[in-house]
Amino acid sequence: MLLDFPTNEQYGLASQLRRAVVSIPSNIAEGCGRETNRELYHFLNVASGSLAEVETQVYIAYTLGYIEDLGEIDEKMESVQKLLAGFRKHIKTQIESKNQIVEEV
């Protein structure tokens, strides 16, 4: 996997991608530190949105020629997406079992 961002992208796409990547585990951690599963579920949704942002930025970087091969990156993003979706589903089930209705965002 080669990420070859030009110098002029240091504060542009590369920086945005870095922030979005860091946002995923940060939101999961923040949600786990909250008092309720409802709050955790909210932060898992935010993390999921950050992952969608990462996917978009990776495809933009690929289109611009900053990434040579999407294979390994795609596999990792898909793995994170599956883990996150499973965690969200588990927490949603716990919330619903306590009659705390969750509306999808």
# chains A, B, ... in the order shown; residues from 1 in each chain; ligands from 1

$ residues_around --residues "Gln81 of chain A" --least-positions-apart "5" --cutoff "10 Å" --atoms "only C-alpha atoms" --output "list in words"
Ala47, Ser48, Leu51, Ala52, Glu75, Lys76, Gly86 and Phe87 of chain A

$ write_last_selection --atoms "all heavy atoms" --output "CSV table (one decimal), in the first residue's frame"
chain,number,residue,atom,x,y,z
A,47,ALA,N,-18.9,7.4,14.9
A,47,ALA,CA,-17.8,6.7,14.4
A,47,ALA,C,-18.0,6.1,13.0
A,47,ALA,O,-17.2,6.1,12.1
A,47,ALA,CB,-17.4,5.6,15.3
A,48,SER,N,-19.2,5.6,12.8
A,48,SER,CA,-19.6,5.0,11.5
A,48,SER,C,-19.6,6.1,10.4
A,48,SER,O,-19.2,5.9,9.3
A,48,SER,CB,-21.0,4.4,11.6
A,48,SER,OG,-21.4,3.8,10.4
A,51,LEU,N,-16.1,6.8,9.5
A,51,LEU,CA,-15.6,5.7,8.6
A,51,LEU,C,-16.0,6.0,7.1
A,51,LEU,O,-15.3,5.8,6.2
A,51,LEU,CB,-16.1,4.3,9.0
A,51,LEU,CG,-15.6,3.2,8.1
A,51,LEU,CD1,-14.1,3.1,8.0
A,51,LEU,CD2,-16.2,1.9,8.7
A,52,ALA,N,-17.3,6.4,7.0
A,52,ALA,CA,-17.8,6.8,5.6
A,52,ALA,C,-17.0,7.9,5.0
A,52,ALA,O,-16.7,8.0,3.8
A,52,ALA,CB,-19.3,7.1,5.7
A,75,GLU,N,-9.8,-3.8,2.2
A,75,GLU,CA,-10.0,-4.9,3.1
A,75,GLU,C,-10.1,-4.4,4.6
A,75,GLU,O,-10.9,-4.8,5.4
A,75,GLU,CB,-8.9,-5.9,3.0
A,75,GLU,CG,-8.9,-6.7,1.8
A,75,GLU,CD,-7.7,-7.6,1.6
A,75,GLU,OE1,-7.0,-7.9,2.6
A,75,GLU,OE2,-7.5,-8.1,0.5
A,76,LYS,N,-9.2,-3.5,4.9
A,76,LYS,CA,-9.2,-2.9,6.3
A,76,LYS,C,-10.4,-2.1,6.6
A,76,LYS,O,-11.0,-2.2,7.7
A,76,LYS,CB,-7.9,-2.1,6.5
A,76,LYS,CG,-6.7,-3.0,6.6
A,76,LYS,CD,-5.4,-2.2,6.8
A,76,LYS,CE,-4.2,-3.2,6.9
A,76,LYS,NZ,-3.0,-2.5,7.2
A,86,GLY,N,-21.5,-4.7,13.8
A,86,GLY,CA,-21.8,-5.7,14.8
A,86,GLY,C,-21.9,-5.1,16.2
A,86,GLY,O,-22.8,-5.5,17.0
A,87,PHE,N,-21.0,-4.2,16.5
A,87,PHE,CA,-21.1,-3.5,17.8
A,87,PHE,C,-22.3,-2.7,18.0
A,87,PHE,O,-23.0,-2.7,19.0
A,87,PHE,CB,-19.8,-2.7,18.0
A,87,PHE,CG,-19.5,-2.2,19.4
A,87,PHE,CD1,-20.2,-2.7,20.5
A,87,PHE,CD2,-18.5,-1.3,19.6
A,87,PHE,CE1,-20.0,-2.2,21.8
A,87,PHE,CE2,-18.2,-0.8,20.9
A,87,PHE,CZ,-19.0,-1.3,22.0

$ residues_around --residues "segment 9-25 of chain A" --least-positions-apart "4" --cutoff "9 Å" --atoms "only C-alpha atoms" --output "list of chain:residue names"
A:Phe5, A:Ala29, A:Glu30, A:Leu44, A:Val46, A:Ala47, A:Ser48, A:Gly49, A:Ser50, A:Leu51, A:Glu53, A:Val54, A:Gln57, A:Val58, A:Ile60, A:Ala61

$ residues_around --residues "Ala85 of chain A" --least-positions-apart "5" --cutoff "10 Å" --atoms "only C-alpha atoms" --output "MDAnalysis selection string"
chainID A and resid 44:45 48 79:80 90:91

$ atom_distance --atom1 "atom CA of Pro6 of chain A" --atom2 "atom CA of Asp69 of chain A"
16.7 Å

$ select_by_dssp --residues "segment 2-88 of chain A" --states "helix (DSSP H, G or I)" --output "PyMOL selection string"
chain A and resi 7-9+13-32+37-63+71-88

$ atom_distance --atom1 "atom CA of Cys32 of chain A" --atom2 "atom CA of Glu72 of chain A"
28.5 Å

$ atom_distance --atom1 "atom CA of Ser97 of chain A" --atom2 "atom CA of Asn27 of chain A"
23.9 Å

$ closest_residue --among "A:Ser26, A:Leu40, A:Ile95, A:Tyr59" --to "Met77 of chain A" --atoms "only C-alpha atoms"
A:Tyr59

$ closest_residue --among "A:Ile73, A:Thr7, A:Glu78, A:Asn37" --to "Glu96 of chain A" --atoms "only C-alpha atoms"
A:Asn37
